[in-house]
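target_9.txt follows (compact mmCIF, C-alpha atoms):
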```txt
# COMPACT_ATOMS: atom_id res chain seq x y z
CA MET I 1 25.43 96.57 -2.80
CA ARG I 2 22.66 94.68 -4.60
CA HIS I 3 20.16 94.72 -1.74
CA ASN I 4 17.04 94.22 -3.83
CA ALA I 5 18.43 93.63 -7.26
CA ALA I 6 16.27 91.73 -9.73
CA VAL I 7 17.12 88.07 -9.80
CA GLU I 8 17.93 86.64 -13.24
CA PRO I 9 15.32 84.04 -14.27
CA LEU I 10 17.96 81.40 -15.05
CA PHE I 11 19.65 81.88 -11.67
CA LEU I 12 16.29 81.67 -9.87
CA LEU I 13 15.44 78.52 -11.83
CA ARG I 14 18.68 76.88 -10.64
CA VAL I 15 17.84 77.74 -7.03
CA VAL I 16 14.34 76.26 -7.36
CA LEU I 17 15.53 73.09 -9.13
CA ARG I 18 18.22 72.55 -6.50
CA SER I 19 15.62 72.69 -3.74
CA TRP I 20 13.28 70.26 -5.48
CA LEU I 21 15.83 67.74 -6.74
CA LEU I 22 18.01 67.33 -3.65
CA PRO I 23 16.93 65.22 -0.66
CA PRO I 24 14.42 65.17 0.87
CA ALA I 25 12.26 66.61 -1.95
CA GLY I 26 13.89 64.65 -4.80
CA PRO I 27 13.35 61.13 -3.38
CA LEU I 28 9.85 62.08 -2.22
CA LEU I 29 8.93 63.31 -5.70
CA LEU I 30 10.20 60.03 -7.15
CA ALA I 31 8.00 58.09 -4.71
CA LEU I 32 4.98 60.25 -5.61
CA VAL I 33 5.58 59.63 -9.32
CA GLY I 34 5.69 55.92 -8.49
CA LEU I 35 2.31 56.12 -6.75
CA TRP I 36 0.86 57.88 -9.78
CA LEU I 37 2.21 55.14 -12.07
CA MET I 38 0.93 52.25 -9.95
CA ARG I 39 -2.39 51.83 -11.78
CA ARG I 40 -1.00 51.88 -15.31
CA ARG I 41 2.44 50.38 -14.80
CA PRO I 42 2.50 48.72 -11.38
CA ARG I 43 6.01 47.29 -11.61
CA LEU I 44 7.60 50.57 -12.67
CA GLY I 45 5.50 52.46 -10.14
CA GLY I 46 6.43 50.09 -7.35
CA ALA I 47 10.10 50.36 -8.26
CA CYS I 48 9.94 54.18 -8.16
CA VAL I 49 8.23 54.13 -4.77
CA ALA I 50 10.74 51.67 -3.34
CA LEU I 51 13.70 53.58 -4.75
CA GLY I 52 12.46 56.95 -3.53
CA VAL I 53 11.69 55.75 -0.01
CA GLY I 54 14.87 53.65 0.12
CA VAL I 55 17.12 56.54 -0.91
CA LEU I 56 15.45 58.88 1.58
CA LEU I 57 15.84 56.36 4.41
CA ALA I 58 19.45 55.54 3.50
CA MET I 59 20.43 59.21 3.41
CA SER I 60 18.87 59.68 6.84
CA LEU I 61 21.30 57.17 8.37
CA PRO I 62 24.46 58.61 9.99
CA LEU I 63 26.41 55.66 8.55
CA VAL I 64 25.61 56.76 4.99
CA ALA I 65 25.70 60.51 5.66
CA ASP I 66 29.16 60.40 7.24
CA ARG I 67 30.59 58.35 4.38
CA LEU I 68 29.16 60.74 1.80
CA ALA I 69 30.44 63.74 3.75
CA ALA I 70 33.91 62.21 4.02
CA LEU I 71 34.02 61.65 0.25
CA ALA I 72 32.86 65.20 -0.44
CA GLY I 73 35.22 66.81 2.07
CA PRO I 74 38.61 65.01 2.16
CA HIS I 75 40.62 67.94 3.56
CA ALA I 76 42.13 67.54 7.04
CA PRO I 77 41.37 70.11 9.77
CA LEU I 78 43.71 73.10 9.98
CA ASP I 79 46.42 72.74 12.62
CA LEU I 80 46.38 76.08 14.44
CA GLY I 81 49.30 74.95 16.59
CA ARG I 82 51.63 75.54 13.64
CA PRO I 83 52.44 78.73 11.70
CA VAL I 84 50.01 79.37 8.85
CA ASP I 85 51.48 80.43 5.52
CA ALA I 86 48.83 82.91 4.34
CA GLN I 87 48.18 86.64 4.04
CA ALA I 88 44.47 86.74 4.91
CA ILE I 89 41.43 84.71 5.91
CA VAL I 90 38.38 84.30 3.67
CA VAL I 91 35.11 83.15 5.24
CA LEU I 92 32.41 82.08 2.78
CA ALA I 93 28.74 82.73 3.46
CA GLY I 94 26.43 79.73 3.64
CA GLY I 95 23.00 81.31 3.62
CA SER I 96 20.97 83.79 5.64
CA ARG I 97 17.45 84.07 7.01
CA ALA I 98 14.92 86.78 7.78
CA THR I 99 15.01 88.39 11.21
CA HIS I 100 12.35 90.18 13.25
CA PHE I 101 14.90 92.71 14.43
CA GLY I 102 16.50 95.63 12.63
CA ALA I 103 15.64 97.15 9.27
CA PRO I 104 13.11 95.53 6.86
CA ASP I 105 15.81 94.08 4.56
CA GLU I 106 18.14 93.11 7.40
CA ARG I 107 18.92 89.41 7.71
CA GLU I 108 20.86 87.13 10.03
CA PRO I 109 23.36 84.37 9.17
CA SER I 110 22.05 80.82 8.81
CA THR I 111 23.29 78.05 11.08
CA THR I 112 25.81 77.00 8.43
CA THR I 113 27.11 80.55 8.07
CA LEU I 114 27.36 80.96 11.86
CA GLU I 115 29.47 77.79 12.10
CA ARG I 116 31.84 79.11 9.44
CA LEU I 117 31.93 82.56 11.06
CA ALA I 118 32.70 81.18 14.52
CA TYR I 119 35.58 79.10 13.18
CA GLY I 120 36.80 82.00 11.07
CA ALA I 121 36.95 84.13 14.22
CA ARG I 122 38.93 81.39 15.97
CA VAL I 123 41.41 81.23 13.09
CA ALA I 124 41.68 85.03 13.04
CA ARG I 125 42.51 85.17 16.75
CA ALA I 126 45.12 82.43 16.38
CA THR I 127 46.81 83.86 13.29
CA ARG I 128 46.07 87.61 13.60
CA LEU I 129 45.41 87.69 9.87
CA PRO I 130 42.92 90.16 8.33
CA VAL I 131 39.50 88.77 7.39
CA LEU I 132 37.48 88.96 4.18
CA LEU I 133 33.80 87.99 4.38
CA SER I 134 32.37 86.80 1.06
CA GLY I 135 28.68 86.62 0.19
CA GLY I 136 26.16 88.74 -1.68
CA THR I 137 22.39 88.81 -2.08
CA VAL I 138 21.08 85.50 -3.40
CA VAL I 139 17.39 86.38 -3.74
CA ASP I 140 16.47 89.39 -1.60
CA GLY I 141 17.56 91.43 1.40
CA GLU I 142 21.01 92.63 2.37
CA PRO I 143 24.21 90.85 1.24
CA GLU I 144 25.13 87.89 3.42
CA SER I 145 28.58 89.32 4.14
CA VAL I 146 26.95 92.40 5.68
CA SER I 147 24.98 90.34 8.19
CA MET I 148 28.12 88.28 8.85
CA ALA I 149 30.12 91.43 9.59
CA ARG I 150 27.48 92.63 12.05
CA VAL I 151 27.62 89.33 13.96
CA LEU I 152 31.42 89.18 13.81
CA ARG I 153 31.61 92.60 15.45
CA SER I 154 28.86 92.12 18.05
CA ASP I 155 29.43 88.50 19.07
CA PHE I 156 33.15 87.97 18.41
CA ALA I 157 34.54 91.49 18.90
CA LEU I 158 36.32 91.31 15.54
CA ALA I 159 36.06 93.55 12.50
CA PRO I 160 36.56 92.30 8.92
CA ARG I 161 39.11 94.07 6.76
CA TRP I 162 37.08 93.54 3.57
CA LEU I 163 33.49 92.75 2.57
CA GLU I 164 32.72 91.06 -0.75
CA THR I 165 29.03 91.76 -1.42
CA ARG I 166 28.45 90.74 -5.06
CA SER I 167 28.68 86.92 -5.17
CA ARG I 168 25.75 84.50 -5.19
CA ASN I 169 27.50 81.14 -5.55
CA THR I 170 30.92 79.53 -5.07
CA HIS I 171 32.22 80.49 -8.50
CA GLU I 172 31.34 84.13 -7.87
CA ASN I 173 32.73 83.90 -4.29
CA ALA I 174 36.11 83.05 -5.78
CA ARG I 175 36.01 85.54 -8.65
CA GLU I 176 34.85 88.51 -6.59
CA SER I 177 37.08 87.69 -3.62
CA ALA I 178 40.08 87.42 -5.94
CA ARG I 179 39.26 90.89 -7.29
CA VAL I 180 39.16 92.41 -3.78
CA LEU I 181 42.23 90.52 -2.54
CA GLY I 182 44.23 91.22 -5.69
CA ALA I 183 43.79 94.96 -5.17
CA ALA I 184 45.30 94.52 -1.69
CA GLY I 185 48.20 92.40 -2.96
CA VAL I 186 46.91 89.20 -1.28
CA ARG I 187 47.70 85.99 -3.16
CA ARG I 188 47.40 83.26 -0.51
CA VAL I 189 44.53 82.84 1.98
CA VAL I 190 43.16 80.59 4.68
CA LEU I 191 39.79 79.54 3.28
CA VAL I 192 37.04 78.84 5.82
CA THR I 193 33.95 76.97 4.68
CA SER I 194 32.08 73.75 5.44
CA ALA I 195 34.10 70.55 5.07
CA THR I 196 31.79 69.16 2.38
CA HIS I 197 32.06 72.43 0.44
CA MET I 198 35.83 72.79 0.70
CA ARG I 199 36.90 70.71 -2.33
CA ARG I 200 34.79 72.74 -4.74
CA ALA I 201 35.68 76.04 -3.06
CA VAL I 202 39.41 75.31 -3.27
CA ARG I 203 39.15 74.51 -6.98
CA GLU I 204 37.24 77.72 -7.69
CA PHE I 205 39.65 79.92 -5.73
CA GLU I 206 42.73 78.35 -7.27
CA ALA I 207 41.20 78.77 -10.73
CA ALA I 208 40.71 82.46 -9.85
CA GLY I 209 44.42 82.76 -9.05
CA VAL I 210 44.27 82.59 -5.24
CA ALA I 211 46.37 79.98 -3.40
CA VAL I 212 44.48 78.28 -0.58
CA VAL I 213 45.20 76.86 2.88
CA PRO I 214 42.00 74.85 3.63
CA ALA I 215 40.33 75.37 7.02
CA PRO I 216 37.25 73.09 6.86
CA VAL I 217 34.40 73.39 9.34
CA GLY I 218 32.65 70.26 10.58
CA ALA I 219 35.03 67.69 9.14
CA VAL I 220 33.85 64.08 9.65
CA ARG I 221 36.23 61.95 11.74
CA GLY I 222 34.93 58.68 10.32
CA GLY I 223 34.92 55.37 12.10
CA PHE I 224 32.06 53.28 13.40
CA ASP I 225 29.72 54.72 16.06
CA GLY I 226 27.81 51.57 16.95
CA VAL I 227 24.03 51.45 16.90
CA HIS I 228 23.80 55.25 16.46
CA ASP I 229 25.01 54.84 12.89
CA PHE I 230 21.78 53.02 12.05
CA LEU I 231 19.31 55.43 13.69
CA PRO I 232 17.86 57.78 11.01
CA ASN I 233 17.69 61.47 11.87
CA VAL I 234 17.25 64.87 10.24
CA SER I 235 20.85 65.93 10.87
CA ALA I 236 22.16 62.98 8.87
CA LEU I 237 19.74 63.76 6.05
CA LEU I 238 21.05 67.34 5.91
CA ARG I 239 24.65 66.11 5.72
CA SER I 240 23.75 63.70 2.93
CA SER I 241 21.95 66.43 1.02
CA SER I 242 24.94 68.78 1.35
CA ALA I 243 27.31 66.08 0.10
CA VAL I 244 25.12 65.21 -2.90
CA TYR I 245 24.89 68.91 -3.76
CA GLU I 246 28.67 69.20 -3.72
CA PHE I 247 29.06 66.18 -6.00
CA ALA I 248 26.62 67.82 -8.41
CA GLY I 249 28.46 71.14 -8.14
CA LEU I 250 31.78 69.49 -8.96
CA ALA I 251 30.23 67.80 -11.99
CA VAL I 252 28.78 71.07 -13.25
CA ALA I 253 32.12 72.84 -12.73
CA ARG I 254 33.91 70.16 -14.76
CA LEU I 255 31.36 70.42 -17.56
CA GLY I 256 31.88 74.18 -17.50
CA GLY I 257 35.63 73.76 -17.89
CA ARG I 258 36.49 74.87 -14.33
```
Step by step, read the file and then write its structure as structure tokens.
Amino acid sequence: MRHNAAVEPLFLLRVVLRSWLLPPAGPLLLALVGLWLMRRRPRLGGACVALGVGVLLAMSLPLVADRLAALAGPHAPLDLGRPVDAQAIVVLAGGSRATHFGAPDEREPSTTTLERLAYGARVARATRLPVLLSGGTVVDGEPESVSMARVLRSDFALAPRWLETRSRNTHENARESARVLGAAGVRRVVLVTSATHMRRAVREFEAAGVAVVPAPVGAVRGGFDGVHDFLPNVSALLRSSSAVYEFAGLAVARLGGR
């Protein structure tokens, strides 16, 4: 396990750029650049400020966030009332955070990871399929799959069959999971991840030779929700940011030939 492995500079740079370019930081930086330009080039500066603030406000609206999320995650929810044609369940990590409990490098699953883990446990109980937890160490601390396994055992009374502890992104999730599953003769899995992340995850797993039954978490139902659709909030901004990140990830995967 790569608990405290050195992080490659290029990988760390990608993590930093992602944080600064995605909402809310990206639009705010654009607005700040606009303010800096106001004295020398007032029209350009004003346009940058308006665009930055406008994009940030639009992405904070549930109306916009839900549409972006629906475009990013088109897969329908898994019907657990029907037999599932798969040999195992794969639950992808979605981040972790430091904890005040346990060992110094011990971490706990993020809210996103907990949502995926809870649904993965539900699917496991309904199908009785073995579970693989996929997620390594992104920057520091223990692998995300290790913290997931601890919560799965303590809070859901389930034990994973396999832990994949080497991956740091979706491409590596698929590659390393395929290696573990292939050794066990598993070729078709129920894949559990966030709805907005599912399209990219399915493509990566299928490219790695693993057939997928999608089981998206938090799929958007769509439709109009009245005045609430026009009330900006942090939750909507997070959904917009996740969707934009997935669009960027799909573009990068295509450029990389995946």
Each segment 187-208 of chain I residue no farther than 7 Å from segment 90-101 of chain I, nearest pair in Å, all atoms listed in the file, as CSV:
```
residue,atom,partner,partner_atom,distance
I:Val189,CA,I:Val90,CA,6.5
I:Val190,CA,I:Val90,CA,6.1
I:Leu191,CA,I:Val90,CA,5.0
I:Val192,CA,I:Val91,CA,4.8
I:Thr193,CA,I:Leu92,CA,5.7
```
Legend entry - Among listed residues I:Pro130, I:Pro109, I:Gly54, I:Gly73, nearest Ala195 of chain I (using all atoms listed in the file):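 Closest candidate: I:Gly73.
Closest to Met38 of chain I among I:Ala50, I:Ala72, I:Val202, I:Val210 is I:Ala50, based on all atoms listed in the file.
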Inset, instruction - Record the distance separating atom CA of Asp79 of chain I and atom CA of Ala215 of chain I, expressed in Å with one decimal. - result: 8.7 Å
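What separates atom CA of Thr111 of chain I from atom CA of Ala65 of chain I is a distance of 18.5 Å.
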Please return as a short mmCIF file (atom, residue, chain, number, x, y, z; two decimals) with C-alpha atoms, in the frame of the given file every residue within 7 Å of (39.7, 89.9, 5.7), taking into account only C-alpha atoms and the file's own coordinates.
```
data_model
loop_
_atom_site.label_atom_id
_atom_site.label_comp_id
_atom_site.auth_asym_id
_atom_site.auth_seq_id
_atom_site.Cartn_x
_atom_site.Cartn_y
_atom_site.Cartn_z
CA ALA I 88 44.47 86.74 4.91
CA ILE I 89 41.43 84.71 5.91
CA VAL I 90 38.38 84.30 3.67
CA PRO I 130 42.92 90.16 8.33
CA VAL I 131 39.50 88.77 7.39
CA LEU I 132 37.48 88.96 4.18
CA LEU I 133 33.80 87.99 4.38
CA PRO I 160 36.56 92.30 8.92
CA ARG I 161 39.11 94.07 6.76
CA TRP I 162 37.08 93.54 3.57
#
```
Legend entry - Atom-to-atom span, atom CA of Val180 of chain I and atom CA of Glu164 of chain I, Å: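 Separating atom CA of Val180 of chain I from atom CA of Glu164 of chain I is a distance of 7.2 Å.
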Inset, instruction - Measuring atom to atom with all atoms listed in the file, identify which of I:Ser154, I:Ser177, I:Ala86, I:Ala58 is nearest to Pro23 of chain I. - result: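 Smallest distance to Pro23 of chain I is found for I:Ala58.
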Inset, instruction - Place a sphere of radius 12 Å on (24.4, 73.3, 1.9) in the file coordinates and name every protein, DNA or RNA residue with an atom inside or on its surface, counting all atoms listed in the file; give the answer as number ranges by chain. - result: I: 15, 18-19, 22-23, 69, 72, 92-96, 110-113, 169-170, 193-198, 237-249
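Residues surrounding Leu44 of chain I within 10 Å are Val33, Gly34, Leu35, Leu37, Met38, Val49 and Ala50 of chain I [only C-alpha atoms; sequence separation below 5 positions excluded].
Shortest separation to Leu57 of chain I among I:Arg39, I:Pro27, I:Pro74, I:Ala174 occurs at residue I:Pro27, atoms counted being all atoms listed in the file.
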Legend entry - Counting only C-alpha atoms, the residue of I:Leu114, I:Cys48, I:Leu231, I:Ala126 that sits nearest Gly81 of chain I: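 For Gly81 of chain I, the nearest of the given residues is I:Ala126.
Within 9 Å of Ala178 of chain I, once only C-alpha atoms are used and residues closer than 3 positions along the same chain are dropped, the contacting residues are Asn173, Ala174, Arg175, Leu181, Gly182, Ala183, Val186, Arg187, Phe205, Ala208, Gly209 and Val210 of chain I.
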Inset, instruction - Could you tell me which of I:Arg168, I:Leu29, I:Arg116, I:Val227 comes closest to Val53 of chain I if we count all atoms listed in the file? - result: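 The answer is I:Leu29, which sits nearest to Val53 of chain I.
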Legend entry - Non-local contacts of Asn233 of chain I (8 Å; only C-alpha atoms; under 2 positions in same chain excluded) as a list in words: Ser60, Leu61, Pro62, Leu231, Ser235, Ala236 and Leu237 of chain I
